[in-house]
file my_file_30.cif (mmCIF, C-alpha atoms and all ligand atoms)
data_target
#
loop_
_atom_site.label_atom_id
_atom_site.label_comp_id
_atom_site.auth_asym_id
_atom_site.auth_seq_id
_atom_site.Cartn_x
_atom_site.Cartn_y
_atom_site.Cartn_z
CA MET A 1 -1.29 7.57 24.00
CA LYS A 2 -3.77 4.88 24.85
CA MET A 3 -0.93 2.37 25.19
CA LEU A 4 1.00 4.70 27.45
CA ARG A 5 -2.01 5.27 29.68
CA ARG A 6 -2.52 1.56 29.97
CA THR A 7 1.10 0.95 30.93
CA VAL A 8 0.98 3.70 33.54
CA LEU A 9 -2.23 2.28 34.93
CA ALA A 10 -0.80 -1.22 34.98
CA THR A 11 2.33 -0.05 36.78
CA LEU A 12 0.24 1.93 39.24
CA SER A 13 -2.06 -0.91 40.04
CA ALA A 14 0.89 -3.27 40.43
CA ALA A 15 2.41 -0.81 42.87
CA THR A 16 -0.83 -0.43 44.84
CA LEU A 17 -1.20 -4.16 44.85
CA ALA A 18 2.31 -4.63 46.24
CA ALA A 19 1.70 -1.95 48.88
CA SER A 20 -1.53 -3.47 50.11
CA MET A 21 -0.04 -6.95 49.97
CA GLY A 22 2.39 -5.60 52.53
CA ALA A 23 -0.64 -4.70 54.60
CA ILE A 24 -2.06 -8.19 54.20
CA ALA A 25 1.29 -9.67 55.18
CA GLN A 26 1.08 -7.92 58.55
CA ASP A 27 -2.05 -9.85 59.45
CA ILE A 28 -1.24 -12.50 62.00
CA LYS A 29 -3.14 -15.39 60.49
CA PRO A 30 -4.16 -15.94 56.89
CA ARG A 31 -7.72 -15.18 55.90
CA LEU A 32 -9.64 -18.43 55.73
CA ILE A 33 -12.23 -18.49 53.00
CA ARG A 34 -14.93 -21.14 53.07
CA PHE A 35 -15.78 -22.05 49.46
CA GLY A 36 -18.70 -24.45 49.01
CA TYR A 37 -19.78 -26.39 45.93
CA GLY A 38 -22.28 -29.10 45.08
CA LEU A 39 -20.43 -31.69 43.01
CA ASN A 40 -17.69 -34.00 44.25
CA GLU A 41 -13.95 -33.32 44.30
CA GLN A 42 -13.33 -35.48 41.20
CA SER A 43 -15.77 -33.49 39.06
CA ASN A 44 -14.99 -30.65 36.66
CA GLN A 45 -16.35 -28.34 39.37
CA GLY A 46 -14.04 -29.81 42.00
CA ARG A 47 -10.99 -29.58 39.74
CA ALA A 48 -11.67 -25.92 38.97
CA VAL A 49 -12.20 -25.03 42.63
CA LYS A 50 -8.75 -26.53 43.27
CA VAL A 51 -7.23 -24.34 40.55
CA PHE A 52 -8.95 -21.30 42.06
CA ALA A 53 -7.67 -22.15 45.55
CA ASP A 54 -4.08 -22.62 44.34
CA GLU A 55 -4.21 -19.35 42.42
CA VAL A 56 -5.54 -17.38 45.41
CA GLU A 57 -2.79 -18.81 47.59
CA LYS A 58 -0.16 -17.92 44.99
CA LEU A 59 -1.40 -14.40 44.20
CA SER A 60 -1.76 -13.49 47.88
CA GLY A 61 1.61 -14.94 48.82
CA GLY A 62 -0.13 -17.45 51.10
CA LYS A 63 -2.06 -14.81 53.01
CA MET A 64 -5.45 -15.86 51.72
CA LYS A 65 -6.44 -19.49 51.99
CA ILE A 66 -9.41 -21.25 50.44
CA ARG A 67 -11.02 -24.04 52.40
CA ALA A 68 -12.90 -25.86 49.66
CA VAL A 69 -15.89 -27.94 50.73
CA GLY A 70 -17.53 -30.03 48.00
CA ALA A 71 -20.41 -32.51 47.67
CA ALA A 72 -22.85 -29.97 49.14
CA ALA A 73 -21.40 -30.58 52.61
CA LEU A 74 -22.15 -26.91 53.35
CA GLY A 75 -25.67 -27.38 51.97
CA PRO A 76 -27.33 -27.26 48.56
CA ASP A 77 -26.99 -24.18 46.31
CA THR A 78 -29.96 -22.27 47.78
CA GLN A 79 -28.78 -22.78 51.35
CA MET A 80 -25.24 -21.64 50.55
CA GLN A 81 -26.60 -18.54 48.79
CA GLN A 82 -28.38 -17.56 52.01
CA ALA A 83 -25.25 -18.24 54.06
CA LEU A 84 -23.31 -15.91 51.77
CA ILE A 85 -25.96 -13.20 52.02
CA GLY A 86 -25.91 -13.47 55.82
CA GLY A 87 -22.12 -13.52 55.94
CA ALA A 88 -21.85 -16.99 57.51
CA GLN A 89 -19.93 -18.31 54.47
CA GLU A 90 -17.58 -16.45 52.15
CA MET A 91 -17.75 -18.10 48.72
CA MET A 92 -19.44 -20.73 46.57
CA VAL A 93 -20.00 -21.86 43.01
CA GLY A 94 -23.35 -23.12 41.78
CA SER A 95 -25.97 -22.96 39.07
CA THR A 96 -27.38 -19.60 37.99
CA ALA A 97 -30.75 -21.40 37.76
CA THR A 98 -31.06 -21.70 41.53
CA LEU A 99 -30.50 -17.93 41.92
CA VAL A 100 -33.70 -16.74 40.22
CA GLY A 101 -35.55 -16.46 43.53
CA ILE A 102 -32.95 -13.85 44.55
CA THR A 103 -32.27 -12.13 41.23
CA LYS A 104 -34.96 -12.58 38.61
CA GLU A 105 -32.67 -11.52 35.74
CA MET A 106 -30.74 -14.79 36.19
CA ALA A 107 -33.66 -16.50 34.44
CA LEU A 108 -32.21 -15.23 31.18
CA TRP A 109 -29.78 -18.18 31.28
CA ASP A 110 -32.69 -20.62 31.64
CA THR A 111 -33.91 -19.82 28.12
CA PRO A 112 -34.09 -23.10 26.17
CA PHE A 113 -31.79 -23.14 23.13
CA LEU A 114 -30.59 -19.57 23.84
CA PHE A 115 -27.03 -20.36 22.72
CA ASN A 116 -26.13 -22.47 19.70
CA SER A 117 -22.56 -23.01 20.83
CA ALA A 118 -20.20 -22.61 23.74
CA LYS A 119 -18.57 -19.79 21.79
CA GLU A 120 -21.80 -17.81 21.81
CA ALA A 121 -22.26 -18.52 25.51
CA ASP A 122 -18.75 -17.28 26.34
CA ALA A 123 -19.24 -14.09 24.34
CA VAL A 124 -22.54 -13.16 26.00
CA LEU A 125 -21.66 -14.30 29.52
CA ASP A 126 -18.27 -12.56 29.53
CA GLY A 127 -19.61 -9.47 27.75
CA PRO A 128 -21.72 -6.50 28.92
CA ILE A 129 -24.96 -8.54 29.16
CA GLY A 130 -23.43 -11.18 31.41
CA GLN A 131 -21.91 -8.44 33.56
CA LYS A 132 -25.21 -6.56 33.82
CA VAL A 133 -27.02 -9.66 35.05
CA MET A 134 -24.20 -10.44 37.48
CA ASP A 135 -24.21 -6.89 38.88
CA LYS A 136 -27.88 -7.26 39.80
CA LEU A 137 -26.78 -9.64 42.55
CA GLN A 138 -25.10 -6.87 44.53
CA GLU A 139 -28.30 -5.25 45.79
CA LYS A 140 -29.21 -8.68 47.19
CA GLY A 141 -25.97 -9.16 49.11
CA LEU A 142 -23.97 -11.23 46.61
CA VAL A 143 -21.00 -10.42 44.38
CA GLY A 144 -20.61 -12.46 41.20
CA LEU A 145 -17.03 -12.89 39.96
CA VAL A 146 -17.14 -15.06 36.84
CA TYR A 147 -19.29 -17.59 35.01
CA TRP A 148 -18.04 -21.13 34.59
CA GLU A 149 -19.44 -23.73 32.24
CA ASN A 150 -21.86 -26.27 33.63
CA GLY A 151 -22.76 -27.05 30.03
CA PHE A 152 -25.45 -28.12 27.60
CA ARG A 153 -27.98 -30.26 29.42
CA ASN A 154 -29.19 -33.70 28.34
CA LEU A 155 -31.88 -36.06 29.58
CA THR A 156 -31.37 -39.35 31.38
CA ASN A 157 -33.92 -41.76 32.82
CA SER A 158 -34.40 -45.34 33.96
CA GLN A 159 -37.55 -46.14 31.96
CA ARG A 160 -37.03 -45.81 28.20
CA PRO A 161 -35.16 -43.91 25.52
CA VAL A 162 -36.74 -40.52 24.87
CA ALA A 163 -36.93 -40.31 21.07
CA LYS A 164 -39.97 -38.04 20.96
CA MET A 165 -41.83 -35.75 23.31
CA GLU A 166 -44.51 -38.30 24.13
CA ASP A 167 -41.88 -40.62 25.61
CA LEU A 168 -41.68 -38.20 28.53
CA ASN A 169 -45.32 -38.76 29.49
CA GLY A 170 -45.50 -39.96 33.05
CA ILE A 171 -41.75 -39.84 33.62
CA LYS A 172 -40.97 -38.41 37.05
CA LEU A 173 -38.25 -35.99 36.12
CA ARG A 174 -36.16 -34.14 38.67
CA VAL A 175 -35.60 -30.49 37.74
CA MET A 176 -33.64 -27.76 39.47
CA GLN A 177 -35.50 -25.52 41.90
CA ASN A 178 -36.45 -23.04 39.21
CA PRO A 179 -39.87 -22.07 37.79
CA VAL A 180 -38.75 -22.02 34.13
CA TYR A 181 -37.40 -25.59 34.27
CA LEU A 182 -40.50 -26.74 36.10
CA ASP A 183 -42.77 -25.14 33.51
CA ALA A 184 -40.73 -26.24 30.52
CA PHE A 185 -40.74 -29.92 31.46
CA LYS A 186 -44.38 -29.91 32.45
CA THR A 187 -45.10 -28.47 29.00
CA LEU A 188 -43.24 -31.43 27.50
CA GLY A 189 -45.48 -33.82 29.41
CA ALA A 190 -43.07 -34.97 32.11
CA ASN A 191 -44.02 -35.13 35.76
CA ALA A 192 -41.46 -32.50 36.79
CA ILE A 193 -40.32 -32.51 40.40
CA PRO A 194 -37.94 -29.85 41.80
CA LEU A 195 -35.22 -31.23 44.07
CA PRO A 196 -31.84 -29.96 45.25
CA PHE A 197 -28.93 -31.59 43.45
CA SER A 198 -27.61 -33.06 46.72
CA GLU A 199 -30.70 -35.29 46.96
CA LEU A 200 -30.68 -36.36 43.34
CA PHE A 201 -28.58 -39.52 43.35
CA SER A 202 -30.53 -41.19 46.12
CA ALA A 203 -33.83 -40.03 44.61
CA LEU A 204 -32.82 -41.79 41.38
CA GLU A 205 -31.59 -44.84 43.24
CA THR A 206 -34.78 -45.26 45.24
CA LYS A 207 -36.90 -44.47 42.14
CA THR A 208 -38.46 -41.45 43.85
CA VAL A 209 -37.75 -39.94 40.43
CA ASP A 210 -37.14 -41.73 37.12
CA GLY A 211 -34.91 -39.21 35.44
CA GLN A 212 -33.03 -35.95 35.45
CA GLU A 213 -31.19 -33.61 33.10
CA ASN A 214 -27.60 -32.40 33.37
CA PRO A 215 -24.50 -32.03 31.21
CA TYR A 216 -22.52 -35.17 30.28
CA ASN A 217 -19.78 -34.19 32.74
CA THR A 218 -22.14 -34.35 35.71
CA ILE A 219 -23.82 -37.57 34.56
CA LEU A 220 -20.33 -39.04 34.59
CA SER A 221 -18.83 -37.47 37.73
CA SER A 222 -21.94 -38.02 39.85
CA LYS A 223 -22.14 -41.64 38.63
CA PHE A 224 -25.73 -41.26 37.44
CA TYR A 225 -24.95 -44.06 34.95
CA GLU A 226 -25.20 -46.46 37.90
CA VAL A 227 -28.89 -45.66 38.31
CA GLN A 228 -29.90 -44.43 34.82
CA LYS A 229 -29.99 -46.64 31.73
CA TYR A 230 -31.01 -44.17 29.02
CA LEU A 231 -29.38 -40.97 27.86
CA SER A 232 -31.15 -38.88 25.23
CA VAL A 233 -29.15 -36.16 23.55
CA THR A 234 -31.33 -33.04 23.70
CA ASN A 235 -28.90 -30.19 24.45
CA HIS A 236 -32.02 -28.29 25.52
CA VAL A 237 -30.28 -25.49 27.39
CA TYR A 238 -26.81 -24.13 28.13
CA SER A 239 -26.37 -23.93 31.87
CA PRO A 240 -23.76 -21.66 33.48
CA TRP A 241 -22.24 -21.90 36.94
CA ILE A 242 -21.40 -18.69 38.74
CA VAL A 243 -18.66 -18.01 41.31
CA LEU A 244 -20.16 -15.98 44.16
CA VAL A 245 -18.82 -14.02 47.13
CA SER A 246 -20.68 -12.81 50.20
CA LYS A 247 -21.03 -9.05 49.75
CA LYS A 248 -20.95 -8.53 53.49
CA TRP A 249 -17.51 -10.12 53.57
CA TRP A 250 -16.32 -8.69 50.23
CA ASP A 251 -16.90 -5.14 51.50
CA GLN A 252 -14.45 -5.78 54.36
CA LEU A 253 -11.64 -6.80 52.01
CA SER A 254 -8.93 -4.43 50.79
CA LYS A 255 -8.89 -3.54 47.11
CA ALA A 256 -5.83 -5.78 46.72
CA GLU A 257 -7.57 -8.74 48.30
CA GLN A 258 -10.59 -8.24 46.06
CA LYS A 259 -8.26 -8.14 43.07
CA VAL A 260 -6.65 -11.43 44.10
CA LEU A 261 -10.06 -13.11 44.16
CA LEU A 262 -11.16 -11.66 40.84
CA ASP A 263 -7.88 -12.47 39.08
CA ALA A 264 -7.85 -16.01 40.46
CA ALA A 265 -11.48 -16.43 39.43
CA LYS A 266 -10.59 -15.48 35.86
CA VAL A 267 -7.74 -18.00 35.80
CA SER A 268 -10.09 -20.68 37.13
CA ARG A 269 -12.66 -19.80 34.46
CA GLU A 270 -10.19 -20.34 31.62
CA PHE A 271 -9.12 -23.66 33.13
CA GLU A 272 -12.65 -24.79 33.90
CA ARG A 273 -14.04 -24.22 30.43
CA LYS A 274 -11.15 -26.00 28.73
CA ASP A 275 -11.27 -28.90 31.15
CA THR A 276 -15.07 -29.21 30.96
CA ARG A 277 -15.09 -29.17 27.16
CA ALA A 278 -12.33 -31.76 26.93
CA GLU A 279 -14.17 -34.03 29.34
CA ALA A 280 -17.52 -33.53 27.58
CA GLY A 281 -15.86 -34.50 24.31
CA ARG A 282 -14.90 -37.90 25.74
CA ALA A 283 -17.96 -38.37 27.94
CA LEU A 284 -20.30 -40.10 25.51
CA THR A 285 -17.77 -42.85 24.86
CA ASP A 286 -17.16 -43.14 28.60
CA LEU A 287 -20.87 -43.30 29.38
CA LYS A 288 -21.42 -45.94 26.72
CA GLY A 289 -18.61 -47.90 28.27
CA LYS A 290 -20.42 -47.67 31.61
CA GLY A 291 -23.44 -49.31 30.00
CA MET A 292 -25.68 -46.38 29.17
CA GLN A 293 -27.85 -46.60 26.09
CA ILE A 294 -27.59 -43.36 24.15
CA ASN A 295 -29.97 -42.02 21.53
CA GLU A 296 -30.15 -38.88 19.44
CA LEU A 297 -33.45 -37.25 18.52
CA SER A 298 -34.39 -37.10 14.84
CA PRO A 299 -34.25 -33.57 13.44
CA ALA A 300 -38.06 -33.52 13.19
CA GLU A 301 -38.61 -34.61 16.81
CA SER A 302 -35.89 -32.26 17.96
CA ALA A 303 -37.66 -29.38 16.23
CA ARG A 304 -41.00 -30.34 17.80
CA MET A 305 -39.47 -30.36 21.25
CA ARG A 306 -37.72 -27.09 20.61
CA ASP A 307 -40.96 -25.52 19.48
CA LYS A 308 -42.75 -26.61 22.61
CA LEU A 309 -39.91 -25.60 24.94
CA THR A 310 -39.49 -22.13 23.53
CA LYS A 311 -43.11 -21.44 24.58
CA VAL A 312 -41.64 -20.53 27.97
CA ASN A 313 -39.70 -17.69 26.34
CA ALA A 314 -42.52 -15.18 26.77
CA LEU A 315 -42.56 -15.87 30.49
CA ILE A 316 -38.79 -15.45 30.71
CA ALA A 317 -38.84 -12.20 28.73
CA ALA A 318 -41.52 -10.79 31.04
CA ASN A 319 -39.49 -11.82 34.09
CA VAL A 320 -36.10 -10.49 33.05
CA GLY A 321 -37.54 -7.39 31.35
CA MET A 322 -38.02 -6.70 27.65
CA ASP A 323 -34.93 -4.44 27.45
CA LEU A 324 -32.54 -7.15 28.62
CA TRP A 325 -34.34 -9.75 26.51
CA ASN A 326 -34.13 -7.68 23.32
CA GLU A 327 -30.54 -6.67 23.98
CA THR A 328 -29.60 -10.36 24.24
CA LYS A 329 -31.46 -11.29 21.07
CA THR A 330 -29.85 -8.41 19.16
CA SER A 331 -26.38 -9.33 20.33
CA LEU A 332 -26.88 -12.98 19.31
CA ASP A 333 -28.31 -11.98 15.92
CA LYS A 334 -25.27 -9.81 15.30
CA MET A 335 -22.94 -12.67 16.19
CA ARG A 336 -24.73 -15.03 13.83
CA LYS A 337 -24.47 -12.76 10.83
C1 LIG A 401 -24.57 -28.37 41.69
C2 LIG A 401 -25.76 -27.99 40.82
C3 LIG A 401 -25.73 -28.72 39.48
C4 LIG A 401 -26.94 -28.38 38.62
C5 LIG A 401 -28.16 -29.14 39.07
O1 LIG A 401 -24.68 -27.81 42.95
O2 LIG A 401 -28.65 -28.87 40.17
O3 LIG A 401 -28.65 -30.00 38.34
O4 LIG A 401 -26.69 -28.67 37.27
O5 LIG A 401 -24.57 -28.38 38.80
O6 LIG A 401 -25.72 -26.59 40.62
#

call {"tool": "encode", "arguments": {"input": "my_file_30.cif", "output": "structure tokens", "more": "lines below"}}
Ligand code: TK8
result
Amino acid sequence: MKMLRRTVLATLSAATLAASMGAIAQDIKPRLIRFGYGLNEQSNQGRAVKVFADEVEKLSGGKMKIRAVGAAALGPDTQMQQALIGGAQEMMVGSTATLVGITKEMALWDTPFLFNSAKEADAVLDGPIGQKVMDKLQEKGLVGLVYWENGFRNLTNSQRPVAKMEDLNGIKLRVMQNPVYLDAFKTLGANAIPLPFSELFSALETKTVDGQENPYNTILSSKFYEVQKYLSVTNHVYSPWIVLVSKKWWDQLSKAEQKVLLDAAKVSREFERKDTRAEAGRALTDLKGKGMQINELSPAESARMRDKLTKVNALIAANVGMDLWNETKTSLDKMRK
């Protein structure tokens, strides 16, 4: 019975899709969709945007076209978010961390050491909790489609290896524009300075800041190894990216067009996570080859840092609400059993 209903539904939605595709086909020129992102074209982010663009073109029979603009040429994350809300830009992908000023529940993903593995991250982000947080964006003028992997973040700097917390004392460390990151790294003793990603490379180059933290993939694709000698493996937080649509624009699309975007986003998500994980697996060897000096923290120092960092948890819980916080903890506990 259930199977039958599903088949009928699938056939129906295929039929509706075909019918409205006919409607799209009558449009004179294809819909041009400006899709902005912060990293460069050769990054994991750039590769996944390309997959998304190809998929949209294919699923819409060429009637919807993505104009992808990387390297923050449409502005840093926060600026693009505002352009989407205002309807001046259609789509983007960026860090959830830069969204907390718009939707406070996004701070859930800033929780240090929230996920122990990518598998846990996928399950929570793609499950009801991830959806609930994503849906909160709508009242602010944004539609979230899927989460991509930015990844587990690690520290780099130009001064010295960070083997213990105290090594961070006095290090000018760029953080994302996000109160939890700012607080967390101040707690660790660093001189934390919020900066948009687009200004980071030159800030490192000119020594305006000494260090930063990002996943291996980004350290590699943004060539931070050219201006950073030391990489310390901390894996202090799992950072998601989120694919966003302007709600103003989304509401003007037909159901079939919306479905094209959502289906293509899901295809891009599967590609992006695989690609990112494969690259991250090779990255340490690559970064060593580029001359970076890499150190791991001893289990004792790692635990000390973890202890200190998780002090921000109370602040996060208060911000995202105890219900959401407890629901997340319960779901992770269940998974770990
Ligand atoms: C790219 C950023 C980046 C993030 C950061 O626009 O700012 O450090 O990790 O991926 O969103």

call {"tool": "closest_residue", "arguments": {"input": "my_file_30.cif", "among": "A:Leu145, A:Val93, A:Leu220, A:Leu200", "to": "A:Ala283", "atoms": "all atoms listed in the file"}}
result
A:Leu220

call {"tool": "closest_residue", "arguments": {"input": "my_file_30.cif", "among": "A:Asn217, A:Gln89, A:Thr208, A:Ser202", "to": "A:Asp275", "atoms": "all atoms listed in the file"}}
result
A:Asn217

call {"tool": "residues_near_ligand", "arguments": {"input": "my_file_30.cif", "ligand": "ligand LIG 401 (chain A)", "cutoff": "9 Å", "atoms": "only C-alpha atoms and all ligand atoms", "output": "PyMOL selection string"}}
result
chain A and resi 37-39+45+71-72+76-77+93-98+150-151+153+174-177+195-198+200+212-215+218+239-241

call {"tool": "write_last_selection", "arguments": {"input": "my_file_30.cif", "atoms": "C-alpha atoms", "output": "mmCIF file, keeping the file's coordinate frame"}}
result
data_model
loop_
_atom_site.group_PDB
_atom_site.id
_atom_site.type_symbol
_atom_site.label_atom_id
_atom_site.label_comp_id
_atom_site.auth_asym_id
_atom_site.auth_seq_id
_atom_site.Cartn_x
_atom_site.Cartn_y
_atom_site.Cartn_z
ATOM 1 C CA TYR A 37 -19.780 -26.390 45.930
ATOM 2 C CA GLY A 38 -22.280 -29.100 45.080
ATOM 3 C CA LEU A 39 -20.430 -31.690 43.010
ATOM 4 C CA GLN A 45 -16.350 -28.340 39.370
ATOM 5 C CA ALA A 71 -20.410 -32.510 47.670
ATOM 6 C CA ALA A 72 -22.850 -29.970 49.140
ATOM 7 C CA PRO A 76 -27.330 -27.260 48.560
ATOM 8 C CA ASP A 77 -26.990 -24.180 46.310
ATOM 9 C CA VAL A 93 -20.000 -21.860 43.010
ATOM 10 C CA GLY A 94 -23.350 -23.120 41.780
ATOM 11 C CA SER A 95 -25.970 -22.960 39.070
ATOM 12 C CA THR A 96 -27.380 -19.600 37.990
ATOM 13 C CA ALA A 97 -30.750 -21.400 37.760
ATOM 14 C CA THR A 98 -31.060 -21.700 41.530
ATOM 15 C CA ASN A 150 -21.860 -26.270 33.630
ATOM 16 C CA GLY A 151 -22.760 -27.050 30.030
ATOM 17 C CA ARG A 153 -27.980 -30.260 29.420
ATOM 18 C CA ARG A 174 -36.160 -34.140 38.670
ATOM 19 C CA VAL A 175 -35.600 -30.490 37.740
ATOM 20 C CA MET A 176 -33.640 -27.760 39.470
ATOM 21 C CA GLN A 177 -35.500 -25.520 41.900
ATOM 22 C CA LEU A 195 -35.220 -31.230 44.070
ATOM 23 C CA PRO A 196 -31.840 -29.960 45.250
ATOM 24 C CA PHE A 197 -28.930 -31.590 43.450
ATOM 25 C CA SER A 198 -27.610 -33.060 46.720
ATOM 26 C CA LEU A 200 -30.680 -36.360 43.340
ATOM 27 C CA GLN A 212 -33.030 -35.950 35.450
ATOM 28 C CA GLU A 213 -31.190 -33.610 33.100
ATOM 29 C CA ASN A 214 -27.600 -32.400 33.370
ATOM 30 C CA PRO A 215 -24.500 -32.030 31.210
ATOM 31 C CA THR A 218 -22.140 -34.350 35.710
ATOM 32 C CA SER A 239 -26.370 -23.930 31.870
ATOM 33 C CA PRO A 240 -23.760 -21.660 33.480
ATOM 34 C CA TRP A 241 -22.240 -21.900 36.940
#

call {"tool": "atom_distance", "arguments": {"input": "my_file_30.cif", "atom1": "atom CA of A:Ile219", "atom2": "atom CA of A:Lys308"}}
result
24.9 Å

call {"tool": "closest_residue", "arguments": {"input": "my_file_30.cif", "among": "A:Asn44, A:Thr310, A:Gln81, A:Asn326", "to": "A:Asp183", "atoms": "all atoms listed in the file"}}
result
A:Thr310

call {"tool": "closest_atom_pairs", "arguments": {"input": "my_file_30.cif", "of": "stretch 256-314 of chain A", "to": "stretch 54-70 of chain A", "cutoff": "9 Å", "atoms": "only C-alpha atoms", "output": "JSON lines"}}
result
{"residue": "A:Ala256", "atom": "CA", "partner": "A:Ser60", "partner_atom": "CA", "distance": 8.8}
{"residue": "A:Glu257", "atom": "CA", "partner": "A:Ser60", "partner_atom": "CA", "distance": 7.5}
{"residue": "A:Val260", "atom": "CA", "partner": "A:Leu59", "partner_atom": "CA", "distance": 6.0}
{"residue": "A:Leu261", "atom": "CA", "partner": "A:Val56", "partner_atom": "CA", "distance": 6.3}
{"residue": "A:Asp263", "atom": "CA", "partner": "A:Val56", "partner_atom": "CA", "distance": 8.3}
{"residue": "A:Ala264", "atom": "CA", "partner": "A:Glu55", "partner_atom": "CA", "distance": 5.3}
{"residue": "A:Ala265", "atom": "CA", "partner": "A:Glu55", "partner_atom": "CA", "distance": 8.4}
{"residue": "A:Val267", "atom": "CA", "partner": "A:Glu55", "partner_atom": "CA", "distance": 7.6}
{"residue": "A:Ser268", "atom": "CA", "partner": "A:Glu55", "partner_atom": "CA", "distance": 8.0}

call {"tool": "closest_atom_pairs", "arguments": {"input": "my_file_30.cif", "of": "stretch 298-330 of chain A", "to": "stretch 127-130 of chain A", "cutoff": "9 Å", "atoms": "all atoms listed in the file", "output": "JSON lines"}}
result
{"residue": "A:Leu324", "atom": "CA", "partner": "A:Ile129", "partner_atom": "CA", "distance": 7.7}
{"residue": "A:Glu327", "atom": "CA", "partner": "A:Ile129", "partner_atom": "CA", "distance": 7.8}
{"residue": "A:Thr328", "atom": "CA", "partner": "A:Ile129", "partner_atom": "CA", "distance": 7.0}

call {"tool": "atom_distance", "arguments": {"input": "my_file_30.cif", "atom1": "atom CA of A:Leu108", "atom2": "atom CA of A:Ile316"}}
result
6.6 Å

call {"tool": "closest_residue", "arguments": {"input": "my_file_30.cif", "among": "A:Glu270, A:Glu105, A:Glu301, A:Asp110", "to": "A:Ala318", "atoms": "all atoms listed in the file"}}
result
A:Glu105

call {"tool": "atom_distance", "arguments": {"input": "my_file_30.cif", "atom1": "atom CA of A:Gly281", "atom2": "atom CA of A:Leu204"}}
result
25.1 Å

call {"tool": "closest_residue", "arguments": {"input": "my_file_30.cif", "among": "A:Trp325, A:Gly211, A:Lys266, A:Met92", "to": "A:Asn313", "atoms": "all atoms listed in the file"}}
result
A:Trp325

call {"tool": "closest_residue", "arguments": {"input": "my_file_30.cif", "among": "A:Gly46, A:Gly75, A:Gly321, A:Gly189", "to": "A:Gly170", "atoms": "all atoms listed in the file"}}
result
A:Gly189

call {"tool": "residues_near_point", "arguments": {"input": "my_file_30.cif", "point": "(-41.7, -28.9, 28.4)", "cutoff": "6 Å", "atoms": "all atoms listed in the file", "output": "ChimeraX atom specification"}}
result
/A:184-188,309

call {"tool": "residues_around", "arguments": {"input": "my_file_30.cif", "residues": "A:Asn235", "least_positions_apart": "2", "cutoff": "7 Å", "atoms": "all atoms listed in the file", "output": "VMD selection string"}}
result
chain A and resid 152 to 154 233 237

call {"tool": "write_last_selection", "arguments": {"input": "my_file_30.cif", "atoms": "C-alpha atoms", "output": "CSV table (one decimal), keeping the file's coordinate frame"}}
result
chain,number,residue,atom,x,y,z
A,152,PHE,CA,-25.4,-28.1,27.6
A,153,ARG,CA,-28.0,-30.3,29.4
A,154,ASN,CA,-29.2,-33.7,28.3
A,233,VAL,CA,-29.2,-36.2,23.6
A,237,VAL,CA,-30.3,-25.5,27.4

call {"tool": "residues_around", "arguments": {"input": "my_file_30.cif", "residues": "A:Asp122", "least_positions_apart": "3", "cutoff": "10 Å", "atoms": "all atoms listed in the file", "output": "list of chain:residue names"}}
result
A:Phe115, A:Ser117, A:Ala118, A:Lys119, A:Leu125, A:Asp126, A:Gly127, A:Gly130, A:Tyr147, A:Trp148, A:Glu149, A:Pro240, A:Arg273

call {"tool": "write_last_selection", "arguments": {"input": "my_file_30.cif", "atoms": "C-alpha atoms", "output": "tab-separated table (two decimals), keeping the file's coordinate frame"}}
result
chain	number	residue	atom	x	y	z
A	115	PHE	CA	-27.03	-20.36	22.72
A	117	SER	CA	-22.56	-23.01	20.83
A	118	ALA	CA	-20.20	-22.61	23.74
A	119	LYS	CA	-18.57	-19.79	21.79
A	125	LEU	CA	-21.66	-14.30	29.52
A	126	ASP	CA	-18.27	-12.56	29.53
A	127	GLY	CA	-19.61	-9.47	27.75
A	130	GLY	CA	-23.43	-11.18	31.41
A	147	TYR	CA	-19.29	-17.59	35.01
A	148	TRP	CA	-18.04	-21.13	34.59
A	149	GLU	CA	-19.44	-23.73	32.24
A	240	PRO	CA	-23.76	-21.66	33.48
A	273	ARG	CA	-14.04	-24.22	30.43

call {"tool": "residues_around", "arguments": {"input": "my_file_30.cif", "residues": "A:Lys164", "least_positions_apart": "4", "cutoff": "8 Å", "atoms": "all atoms listed in the file", "output": "MDAnalysis selection string"}}
result
chainID A and resid 168 297 301:302 305

call {"tool": "axis_aligned_box", "arguments": {"input": "my_file_30.cif", "around": "stretch 65-75 of chain A", "padding_each_side": "4 Å", "output": "lines of an AutoDock Vina configuration file"}}
result
center_x = -16.1
center_y = -26.0
center_z = 50.5
size_x = 27.2
size_y = 21.0
size_z = 13.7

call {"tool": "residues_around", "arguments": {"input": "my_file_30.cif", "residues": "A:Asp286", "least_positions_apart": "6", "cutoff": "12 Å", "atoms": "all atoms listed in the file", "output": "mmCIF file with C-alpha atoms, keeping the file's coordinate frame"}}
result
data_model
loop_
_atom_site.group_PDB
_atom_site.id
_atom_site.type_symbol
_atom_site.label_atom_id
_atom_site.label_comp_id
_atom_site.auth_asym_id
_atom_site.auth_seq_id
_atom_site.Cartn_x
_atom_site.Cartn_y
_atom_site.Cartn_z
ATOM 1 C CA TYR A 216 -22.520 -35.170 30.280
ATOM 2 C CA ASN A 217 -19.780 -34.190 32.740
ATOM 3 C CA ILE A 219 -23.820 -37.570 34.560
ATOM 4 C CA LEU A 220 -20.330 -39.040 34.590
ATOM 5 C CA SER A 221 -18.830 -37.470 37.730
ATOM 6 C CA LYS A 223 -22.140 -41.640 38.630
ATOM 7 C CA TYR A 225 -24.950 -44.060 34.950
ATOM 8 C CA GLU A 279 -14.170 -34.030 29.340
ATOM 9 C CA ALA A 280 -17.520 -33.530 27.580
ATOM 10 C CA MET A 292 -25.680 -46.380 29.170
ATOM 11 C CA GLN A 293 -27.850 -46.600 26.090
ATOM 12 C CA ILE A 294 -27.590 -43.360 24.150
#
